Amino acid sequence: MTPTTPEKTDTPTPILVVKDLNVVFRVKHHAVPIIKNISFNLFPKQTLGIVGESGSGKSVTALSVMKLIDTPPLLHMTGQILFQGRDLMTLSNRQMQPLRGKELGFIFQEPMTALNPVLTIKDQLVEMIRNHLKVTRREAVDRAVSLLTEVGMPNPGQRMRNYPHQLSGGMRQRAMIAMALSCNPKVLIADEPTTALDVTIQAQVLELFRTLQEERQMSLLFISHDLRVIAEIADQVMVMRDGKNIESANVDRLFHSPIRAYTRELLGLIRYQ
Amino acid sequence: MFQSKWTYIGAVIIAVFALAAIFAPWLAPYNPYDMRLAEQLSLPTLEHFMGQDANGVDIFSRLMHGARISLSVGVIVVLISGTIGITMGLVSGYYGGWPDTILMRLVDILMAFPGLLLAIALVSVLGPNILNVVIALTVLGWVSFARLVRGQVLSVKEREYIQAARTSGQSDARIMVVHIFPNILSPVIVQATFSVAGVIIAESSLSFLGLGAPPGTPSWGAMLSEGKQVILEAPHVSIFPGLAIMLVVMAFNFLGDGLRDRFDPKSTIN
Amino acid sequence: MLLYIIRRLLLLIFVLFGVVTLVFMLIHMIPGDPVDIMLGDHAIAADRKLLTENLGLNQPIHLQYASYMAGILRGNLGISIHSKRPVTDEILERFPASVELMFGAMVVALIMALPLGIISALKPYGIIDNSSMLISFLGISIPNFWLGPLLIILFSIQLDWLPINERGGIEHLILPSITLGTAMAAMLSRMIRASLLEVLNEEYVRNARAKGLPERKVILKHALRNALIPVITIIGLQVGVLLSGAIITEAIFDWPGLGSLLLDAIYSRNYPLVQGCILFIATIYVLVNLLTDLTYAWVDPRVRLE
């Protein structure tokens, strides 16, 4: 399997490099490889889209970068995950903590389950801000309000006092995004962030991602099962199937001249829908 | 692994106690009423390896006869209260409506008496003897069976095969007995196993409080109560009956836990 | 939420009504003449007549029921036979001792169950989890009328560290509290483990880690707060086990609470006092359960703000 070879002509060094990532789960006393030799580069201010069907290993890939896979099911994990040249694979859980949220933001698919049901949006935002930044509670609250405004939350001052179940799906995901952005991460990893939303809201949230990336100059690792969503947001695309990298290319090339039959199949699906 | 090993141990302990109970009249080395006042409170010896109680009776022989009381009360109460509870639960879950409302309100009232309180109340007016203990514990025990069965029936009765049996014109009684009951048997068996443990503790608690077997009867609870009076000079009198109760109760709890895991693999996280 | 509280209160009134009726019926379930049994065979006719009239047993049963009910509404549980004092007074006098014992048992249970439950959930099927599982089986199976004497033999007789009997300073509370609290600790530690194990798989716990929070905060703030919500119900139900277990524990340690008051009343066939104690204990239990349900609804914002 050849690693991704991006057009290195006018791009600087990648901010995130994943090299030969292998992840093995333990399923009922058997070692089952979930991720097989995945490699990719994420460049500053760029978006890498990972696309694949459910079970293709794209979420596990995203969580691997955060080193957030629970043991069990995780049996072992090998390869390199270089963030700004530093290999995350060698870091302990404790050493990862200052990076998570601060340098690497993460957005989950389903904000209803990813937000803590017994804490208000304010609690959860302020907690995150004060965990990484040396600010007073007051400053953290102000920052939370401006973040919610930035992600387009209506009535942010009032919504802060709500619990997750009191918000609509779109508002919850906006709160989730605000939280992930709160400490200005250099890399934002979004695992199917629009899948749980209604179609109209999906478009709005996707637009929000584009604006935020533009303004904040972040790198974005965007995971979706939906090629149409990927087509709209990604610069580079990696197609995954059964834990393997099937094909990766820049978005135009992939859509216009896919090499692999599987990619053509995926593309065919959206054309006939 | 962990689970099945303990289930097996539980079953073996129960078998040993059951055999001891059944054959106590032949196996027990001494008569459980044979007082030897000269040897009262004597410590364990080769002849009396658990020692003798305040009346000089061999504690080991009394324990074997005590097993007859504990196990038979446990099984009898669970059989009677189980039968009543299952019937009530089936009828109320199947028909719903006012029989169900009445049953549930009755259950609410009985559940207002925590733990043994209702049994204590009943025995205190009916008089302390084994028969009244059985009555009181049955009044206490049927409720959990009724609640369990009712809940199970509610979830089973909407399934297709029950609807099919109904439309094919089978009688309600037949549907309940032939189609519903076998499908809810596993949780009922688990409940019954735990209930035996509960009843054995309850019976010995009542006997300990002097509200069960009359004084002098070789009941484990009563033996502990006698032991408490001589605890300062003869702690050994208290040790063995308590050990017996704990072993039997734990054995039934192991068995119940193991059966639950076997019937419902979801309950173990793996 | 308001509707829920109203419905709960209506059910409470119904249940209490049923409980009073059942307790009223107790005295009529006595085989033979209750007055004979209460006063014994050698009582003089005048005493018998007086007691019959005091208990209202010469009246038709529906009038007895009405006056019993009316008395209870005014807080009058009748007159204790031997002391001739109001039953309510005798009960209220003994109640604090029982509360003290139950409070001690609850503290013991939480001190044992919280760390055991949390560690077991964090390392399931590890050494601590497996041993705590075995200890729980022991704790649930050990009858407290045996555990009490064992503790006395060990700590009072062999080691001579703690006093045996009666109420007094905190050192008197220790053994009875352990005796009463052990079963609850066993139950609670398994519940906390199960509940926490389930919560640890939730996405919000993973999200808390993704936020870079220290593990201690992830567990104690995000996971445990959610895990303890269902445990509240269990604690409420366990208060019933404590109320009932206290009767036996008080008998073991000669603890002057409600339980020993009830037992003395039973032994001396003081039926008005028996009825009063049973009614009082059941009422406390019903009220605690109501309080538990309301607390449960209150701590979970998904229920509270419905």
# chains A, B, ... in the order shown; residues from 1 in each chain; ligands from 1
>>> select_by_dssp(residues="region 134-186 of chain C", states="alpha helix (DSSP H)", output="PyMOL selection string")
chain C and resi 134-141+144-151+170-186
>>> write_last_selection(atoms="N, CA, C and O atoms", output="tab-separated table (two decimals), in the first residue's frame")
chain	number	residue	atom	x	y	z
C	134	LEU	N	-17.03	-11.17	45.58
C	134	LEU	CA	-17.15	-12.24	46.57
C	134	LEU	C	-17.58	-11.65	47.92
C	134	LEU	O	-18.46	-12.19	48.60
C	135	ILE	N	-16.96	-10.52	48.29
C	135	ILE	CA	-17.31	-9.87	49.55
C	135	ILE	C	-18.79	-9.47	49.53
C	135	ILE	O	-19.50	-9.59	50.53
C	136	SER	N	-19.26	-9.02	48.36
C	136	SER	CA	-20.67	-8.63	48.27
C	136	SER	C	-21.59	-9.81	48.49
C	136	SER	O	-22.60	-9.70	49.17
C	137	PHE	N	-21.23	-10.94	47.87
C	137	PHE	CA	-22.04	-12.14	48.10
C	137	PHE	C	-22.08	-12.48	49.58
C	137	PHE	O	-23.12	-12.80	50.14
C	138	LEU	N	-20.90	-12.38	50.23
C	138	LEU	CA	-20.84	-12.62	51.66
C	138	LEU	C	-21.72	-11.62	52.40
C	138	LEU	O	-22.53	-11.99	53.25
C	139	GLY	N	-21.59	-10.35	52.05
C	139	GLY	CA	-22.31	-9.30	52.75
C	139	GLY	C	-23.81	-9.44	52.62
C	139	GLY	O	-24.57	-9.17	53.55
C	140	ILE	N	-24.26	-9.90	51.42
C	140	ILE	CA	-25.69	-10.06	51.23
C	140	ILE	C	-26.19	-11.30	51.95
C	140	ILE	O	-27.31	-11.35	52.45
C	141	SER	N	-25.33	-12.31	52.02
C	141	SER	CA	-25.77	-13.59	52.58
C	141	SER	C	-25.63	-13.67	54.09
C	141	SER	O	-26.26	-14.50	54.73
C	144	ASN	N	-27.64	-10.54	59.67
C	144	ASN	CA	-27.07	-9.57	60.61
C	144	ASN	C	-27.17	-10.02	62.06
C	144	ASN	O	-26.43	-9.56	62.90
C	145	PHE	N	-28.05	-11.00	62.32
C	145	PHE	CA	-28.09	-11.52	63.69
C	145	PHE	C	-26.95	-12.51	63.93
C	145	PHE	O	-26.82	-13.07	65.02
C	146	TRP	N	-26.13	-12.74	62.91
C	146	TRP	CA	-24.90	-13.49	63.12
C	146	TRP	C	-23.69	-12.56	63.06
C	146	TRP	O	-22.78	-12.65	63.87
C	147	LEU	N	-23.74	-11.63	62.10
C	147	LEU	CA	-22.64	-10.67	61.96
C	147	LEU	C	-22.46	-9.89	63.26
C	147	LEU	O	-21.35	-9.70	63.74
C	148	GLY	N	-23.59	-9.47	63.87
C	148	GLY	CA	-23.54	-8.71	65.13
C	148	GLY	C	-22.78	-9.48	66.20
C	148	GLY	O	-21.76	-9.00	66.71
C	149	PRO	N	-23.23	-10.70	66.52
C	149	PRO	CA	-22.50	-11.49	67.51
C	149	PRO	C	-21.03	-11.72	67.14
C	149	PRO	O	-20.15	-11.65	68.00
C	150	LEU	N	-20.74	-11.95	65.85
C	150	LEU	CA	-19.34	-12.15	65.44
C	150	LEU	C	-18.51	-10.92	65.76
C	150	LEU	O	-17.40	-11.02	66.28
C	151	LEU	N	-19.07	-9.73	65.43
C	151	LEU	CA	-18.34	-8.49	65.70
C	151	LEU	C	-18.12	-8.33	67.20
C	151	LEU	O	-17.07	-7.88	67.64
C	170	ILE	N	-19.92	7.79	70.28
C	170	ILE	CA	-19.77	7.27	68.92
C	170	ILE	C	-19.25	5.84	68.95
C	170	ILE	O	-19.60	5.03	68.09
C	171	GLU	N	-18.44	5.48	69.97
C	171	GLU	CA	-17.87	4.13	69.99
C	171	GLU	C	-18.96	3.07	70.20
C	171	GLU	O	-18.80	1.93	69.81
C	172	HIS	N	-20.08	3.50	70.77
C	172	HIS	CA	-21.19	2.56	70.93
C	172	HIS	C	-21.92	2.34	69.61
C	172	HIS	O	-22.64	1.38	69.44
C	173	LEU	N	-21.77	3.29	68.70
C	173	LEU	CA	-22.52	3.25	67.45
C	173	LEU	C	-21.83	2.38	66.40
C	173	LEU	O	-22.45	1.91	65.45
C	174	ILE	N	-20.52	2.17	66.58
C	174	ILE	CA	-19.74	1.56	65.50
C	174	ILE	C	-20.21	0.14	65.15
C	174	ILE	O	-20.57	-0.14	64.00
C	175	LEU	N	-20.22	-0.76	66.14
C	175	LEU	CA	-20.57	-2.15	65.82
C	175	LEU	C	-22.01	-2.28	65.31
C	175	LEU	O	-22.24	-2.96	64.30
C	176	PRO	N	-22.99	-1.64	65.96
C	176	PRO	CA	-24.35	-1.74	65.40
C	176	PRO	C	-24.44	-1.19	63.98
C	176	PRO	O	-25.13	-1.77	63.14
C	177	SER	N	-23.71	-0.12	63.69
C	177	SER	CA	-23.77	0.47	62.35
C	177	SER	C	-23.19	-0.47	61.31
C	177	SER	O	-23.73	-0.63	60.22
C	178	ILE	N	-22.06	-1.11	61.65
C	178	ILE	CA	-21.46	-2.07	60.72
C	178	ILE	C	-22.42	-3.24	60.51
C	178	ILE	O	-22.66	-3.69	59.39
C	179	THR	N	-23.00	-3.72	61.60
C	179	THR	CA	-23.93	-4.85	61.51
C	179	THR	C	-25.09	-4.52	60.57
C	179	THR	O	-25.45	-5.32	59.70
C	180	LEU	N	-25.64	-3.34	60.74
C	180	LEU	CA	-26.81	-2.97	59.94
C	180	LEU	C	-26.42	-2.53	58.53
C	180	LEU	O	-27.18	-2.73	57.59
C	181	GLY	N	-25.22	-1.94	58.40
C	181	GLY	CA	-24.86	-1.34	57.12
C	181	GLY	C	-24.20	-2.27	56.12
C	181	GLY	O	-24.14	-1.95	54.93
C	182	THR	N	-23.73	-3.44	56.57
C	182	THR	CA	-22.96	-4.30	55.68
C	182	THR	C	-23.75	-4.79	54.47
C	182	THR	O	-23.29	-4.72	53.33
C	183	ALA	N	-24.97	-5.26	54.71
C	183	ALA	CA	-25.78	-5.77	53.60
C	183	ALA	C	-26.03	-4.67	52.58
C	183	ALA	O	-25.94	-4.87	51.37
C	184	MET	N	-26.30	-3.47	53.09
C	184	MET	CA	-26.56	-2.34	52.20
C	184	MET	C	-25.29	-2.00	51.41
C	184	MET	O	-25.36	-1.72	50.22
C	185	ALA	N	-24.14	-2.07	52.08
C	185	ALA	CA	-22.88	-1.78	51.40
C	185	ALA	C	-22.66	-2.76	50.26
C	185	ALA	O	-22.26	-2.37	49.16
C	186	ALA	N	-22.94	-4.03	50.52
C	186	ALA	CA	-22.75	-5.07	49.52
C	186	ALA	C	-23.62	-4.79	48.29
C	186	ALA	O	-23.16	-4.80	47.15
>>> residues_around(residues="region 297-303 of chain C", least_positions_apart="5", cutoff="8 Å", atoms="only C-alpha atoms", output="PDB file with N, CA, C and O atoms, in the first residue's frame")
ATOM      1  N   PRO A 117     -25.677  15.034  29.952  1.00  0.00           N
ATOM      2  CA  PRO A 117     -27.073  15.432  30.162  1.00  0.00           C
ATOM      3  C   PRO A 117     -27.341  16.172  31.471  1.00  0.00           C
ATOM      4  O   PRO A 117     -28.344  16.869  31.579  1.00  0.00           O
ATOM      5  N   VAL A 118     -26.470  16.015  32.474  1.00  0.00           N
ATOM      6  CA  VAL A 118     -26.774  16.643  33.758  1.00  0.00           C
ATOM      7  C   VAL A 118     -26.017  17.950  33.975  1.00  0.00           C
ATOM      8  O   VAL A 118     -26.090  18.525  35.051  1.00  0.00           O
ATOM      9  N   TYR A 163     -29.893  22.888  29.583  1.00  0.00           N
ATOM     10  CA  TYR A 163     -29.296  21.565  29.517  1.00  0.00           C
ATOM     11  C   TYR A 163     -29.420  21.067  28.080  1.00  0.00           C
ATOM     12  O   TYR A 163     -30.306  21.521  27.346  1.00  0.00           O
ATOM     13  N   HIS A 165     -30.738  18.588  26.612  1.00  0.00           N
ATOM     14  CA  HIS A 165     -32.019  18.084  26.097  1.00  0.00           C
ATOM     15  C   HIS A 165     -32.997  19.214  25.782  1.00  0.00           C
ATOM     16  O   HIS A 165     -34.001  18.998  25.123  1.00  0.00           O
TER      17      HIS A 165
ATOM     18  N   MET C   1     -43.770  17.950  35.747  1.00  0.00           N
ATOM     19  CA  MET C   1     -43.163  17.735  37.071  1.00  0.00           C
ATOM     20  C   MET C   1     -44.212  17.928  38.170  1.00  0.00           C
ATOM     21  O   MET C   1     -44.362  17.094  39.054  1.00  0.00           O
ATOM     22  N   ILE C 229     -27.342   8.757  39.685  1.00  0.00           N
ATOM     23  CA  ILE C 229     -28.771   9.063  39.615  1.00  0.00           C
ATOM     24  C   ILE C 229     -29.642   7.814  39.840  1.00  0.00           C
ATOM     25  O   ILE C 229     -30.500   7.820  40.709  1.00  0.00           O
TER      26      ILE C 229
END
>>> interface_residues(of="chain C", to="chain B", cutoff="9 Å", atoms="only C-alpha atoms", output="number ranges by chain")
C: 11, 14-19, 22-23, 26-31, 130, 137-138, 140-147, 149-150, 152-153, 157, 197, 237, 239-245, 247-248, 251-252, 263, 266-267, 269, 271, 274-275, 278-279, 281-283, 285-286
>>> interface_residues(of="chain A", to="chain C", cutoff="8 Å", atoms="only C-alpha atoms", output="PDB file with N, CA and C atoms, in the first residue's frame")
ATOM      1  N   MET A  66      -6.687  10.995  18.467  1.00  0.00           N
ATOM      2  CA  MET A  66      -6.864  11.558  19.812  1.00  0.00           C
ATOM      3  C   MET A  66      -6.369  10.587  20.890  1.00  0.00           C
ATOM      4  N   LEU A  68      -8.050   7.971  21.878  1.00  0.00           N
ATOM      5  CA  LEU A  68      -9.236   7.896  22.728  1.00  0.00           C
ATOM      6  C   LEU A  68      -9.965   6.568  22.562  1.00  0.00           C
ATOM      7  N   ARG A  94      -1.701  10.823  30.310  1.00  0.00           N
ATOM      8  CA  ARG A  94      -1.538  12.092  31.010  1.00  0.00           C
ATOM      9  C   ARG A  94      -0.869  13.136  30.112  1.00  0.00           C
ATOM     10  N   MET A  96      -1.117  13.232  26.947  1.00  0.00           N
ATOM     11  CA  MET A  96      -2.057  13.585  25.888  1.00  0.00           C
ATOM     12  C   MET A  96      -3.029  14.672  26.336  1.00  0.00           C
ATOM     13  N   GLN A  97      -3.320  14.706  27.661  1.00  0.00           N
ATOM     14  CA  GLN A  97      -4.380  15.591  28.150  1.00  0.00           C
ATOM     15  C   GLN A  97      -4.226  17.053  27.744  1.00  0.00           C
ATOM     16  N   PRO A  98      -3.012  17.652  27.851  1.00  0.00           N
ATOM     17  CA  PRO A  98      -2.909  19.056  27.445  1.00  0.00           C
ATOM     18  C   PRO A  98      -3.109  19.267  25.945  1.00  0.00           C
ATOM     19  N   LEU A  99      -2.925  18.194  25.144  1.00  0.00           N
ATOM     20  CA  LEU A  99      -3.110  18.338  23.700  1.00  0.00           C
ATOM     21  C   LEU A  99      -4.589  18.235  23.319  1.00  0.00           C
ATOM     22  N   ARG A 100      -5.291  17.324  23.997  1.00  0.00           N
ATOM     23  CA  ARG A 100      -6.692  17.116  23.659  1.00  0.00           C
ATOM     24  C   ARG A 100      -7.498  18.364  24.007  1.00  0.00           C
ATOM     25  N   GLY A 101      -8.255  18.837  23.052  1.00  0.00           N
ATOM     26  CA  GLY A 101      -9.072  20.017  23.310  1.00  0.00           C
ATOM     27  C   GLY A 101      -8.301  21.292  23.038  1.00  0.00           C
ATOM     28  N   LYS A 102      -7.025  21.322  23.454  1.00  0.00           N
ATOM     29  CA  LYS A 102      -6.228  22.535  23.257  1.00  0.00           C
ATOM     30  C   LYS A 102      -5.669  22.592  21.828  1.00  0.00           C
ATOM     31  N   GLY A 105      -9.026  19.567  18.461  1.00  0.00           N
ATOM     32  CA  GLY A 105     -10.438  19.617  18.846  1.00  0.00           C
ATOM     33  C   GLY A 105     -11.175  18.437  18.245  1.00  0.00           C
ATOM     34  N   PHE A 106     -12.206  17.968  18.933  1.00  0.00           N
ATOM     35  CA  PHE A 106     -12.929  16.805  18.412  1.00  0.00           C
ATOM     36  C   PHE A 106     -14.432  17.053  18.467  1.00  0.00           C
ATOM     37  N   PHE A 108     -18.123  15.150  17.930  1.00  0.00           N
ATOM     38  CA  PHE A 108     -18.758  13.839  17.792  1.00  0.00           C
ATOM     39  C   PHE A 108     -19.989  13.922  16.897  1.00  0.00           C
ATOM     40  N   THR A 113     -25.780  12.620  22.676  1.00  0.00           N
ATOM     41  CA  THR A 113     -25.124  11.677  23.578  1.00  0.00           C
ATOM     42  C   THR A 113     -23.728  12.150  23.979  1.00  0.00           C
ATOM     43  N   ALA A 114     -23.160  13.075  23.190  1.00  0.00           N
ATOM     44  CA  ALA A 114     -21.799  13.502  23.486  1.00  0.00           C
ATOM     45  C   ALA A 114     -21.771  14.631  24.512  1.00  0.00           C
ATOM     46  N   LEU A 115     -22.905  15.311  24.697  1.00  0.00           N
ATOM     47  CA  LEU A 115     -22.966  16.336  25.737  1.00  0.00           C
ATOM     48  C   LEU A 115     -23.495  15.688  27.009  1.00  0.00           C
ATOM     49  N   ASN A 116     -22.921  16.090  28.136  1.00  0.00           N
ATOM     50  CA  ASN A 116     -23.332  15.495  29.397  1.00  0.00           C
ATOM     51  C   ASN A 116     -24.728  15.983  29.784  1.00  0.00           C
ATOM     52  N   PRO A 117     -25.677  15.034  29.952  1.00  0.00           N
ATOM     53  CA  PRO A 117     -27.073  15.432  30.162  1.00  0.00           C
ATOM     54  C   PRO A 117     -27.341  16.172  31.471  1.00  0.00           C
ATOM     55  N   VAL A 118     -26.470  16.015  32.474  1.00  0.00           N
ATOM     56  CA  VAL A 118     -26.774  16.643  33.758  1.00  0.00           C
ATOM     57  C   VAL A 118     -26.017  17.950  33.975  1.00  0.00           C
ATOM     58  N   MET A 128     -14.248  23.444  29.944  1.00  0.00           N
ATOM     59  CA  MET A 128     -13.257  23.200  28.903  1.00  0.00           C
ATOM     60  C   MET A 128     -12.275  24.373  28.801  1.00  0.00           C
ATOM     61  N   ASN A 131     -10.007  24.592  31.733  1.00  0.00           N
ATOM     62  CA  ASN A 131      -9.086  23.462  31.814  1.00  0.00           C
ATOM     63  C   ASN A 131      -7.777  23.769  31.076  1.00  0.00           C
ATOM     64  N   TYR A 163     -29.893  22.888  29.583  1.00  0.00           N
ATOM     65  CA  TYR A 163     -29.296  21.565  29.517  1.00  0.00           C
ATOM     66  C   TYR A 163     -29.420  21.067  28.080  1.00  0.00           C
ATOM     67  N   HIS A 165     -30.738  18.588  26.612  1.00  0.00           N
ATOM     68  CA  HIS A 165     -32.019  18.084  26.097  1.00  0.00           C
ATOM     69  C   HIS A 165     -32.997  19.214  25.782  1.00  0.00           C
ATOM     70  N   ALA A 180     -15.571  22.607  20.921  1.00  0.00           N
ATOM     71  CA  ALA A 180     -14.360  22.099  20.295  1.00  0.00           C
ATOM     72  C   ALA A 180     -13.433  23.251  19.876  1.00  0.00           C
TER      73      ALA A 180
END
>>> closest_atom_pairs(of="chain A", to="chain B", cutoff="10 Å", atoms="only C-alpha atoms", output="CSV")
residue,atom,partner,partner_atom,distance
A:Val27,CA,B:Asn270,CA,9.7
A:Lys28,CA,B:Asn270,CA,8.2
A:Pro72,CA,B:Asn270,CA,9.8
>>> write_last_selection(atoms="N, CA and C atoms", output="compact mmCIF listing (two decimals), in the first residue's frame")
# COMPACT_ATOMS: atom_id res chain seq x y z
N VAL A 27 -11.91 -9.04 20.04
CA VAL A 27 -13.33 -9.39 19.98
C VAL A 27 -13.48 -10.85 20.37
N LYS A 28 -14.06 -11.08 21.55
CA LYS A 28 -14.27 -12.44 22.04
C LYS A 28 -13.02 -13.31 21.92
N PRO A 72 -10.54 -2.50 27.15
CA PRO A 72 -10.95 -3.05 25.87
C PRO A 72 -11.94 -2.10 25.17
>>> residues_around(residues="Ala190 (chain A)", least_positions_apart="6", cutoff="10 Å", atoms="only C-alpha atoms", output="list in words")
Gly49, Ser59, Ala62, Gly105, Phe106, Ile107, Phe108, Gln109, Ile177, Ala180, Phe209, Leu220, Leu221, Phe222, Ile223 and Ser224 of chain A
>>> write_last_selection(atoms="C-alpha atoms", output="short mmCIF file (atom, residue, chain, number, x, y, z; two decimals), in the first residue's frame")
data_model
loop_
_atom_site.label_atom_id
_atom_site.label_comp_id
_atom_site.auth_asym_id
_atom_site.auth_seq_id
_atom_site.Cartn_x
_atom_site.Cartn_y
_atom_site.Cartn_z
CA GLY A 49 -12.00 14.22 4.10
CA SER A 59 -14.26 6.77 13.16
CA ALA A 62 -10.26 9.70 14.01
CA GLY A 105 -10.44 19.62 18.85
CA PHE A 106 -12.93 16.80 18.41
CA ILE A 107 -16.56 16.89 17.34
CA PHE A 108 -18.76 13.84 17.79
CA GLN A 109 -21.50 12.67 15.49
CA ILE A 177 -18.66 22.96 17.78
CA ALA A 180 -14.36 22.10 20.30
CA PHE A 209 -17.49 24.69 9.15
CA LEU A 220 -9.79 20.04 9.42
CA LEU A 221 -10.05 16.27 9.43
CA PHE A 222 -13.60 15.67 8.28
CA ILE A 223 -15.17 12.25 8.38
CA SER A 224 -18.34 11.30 6.58
#
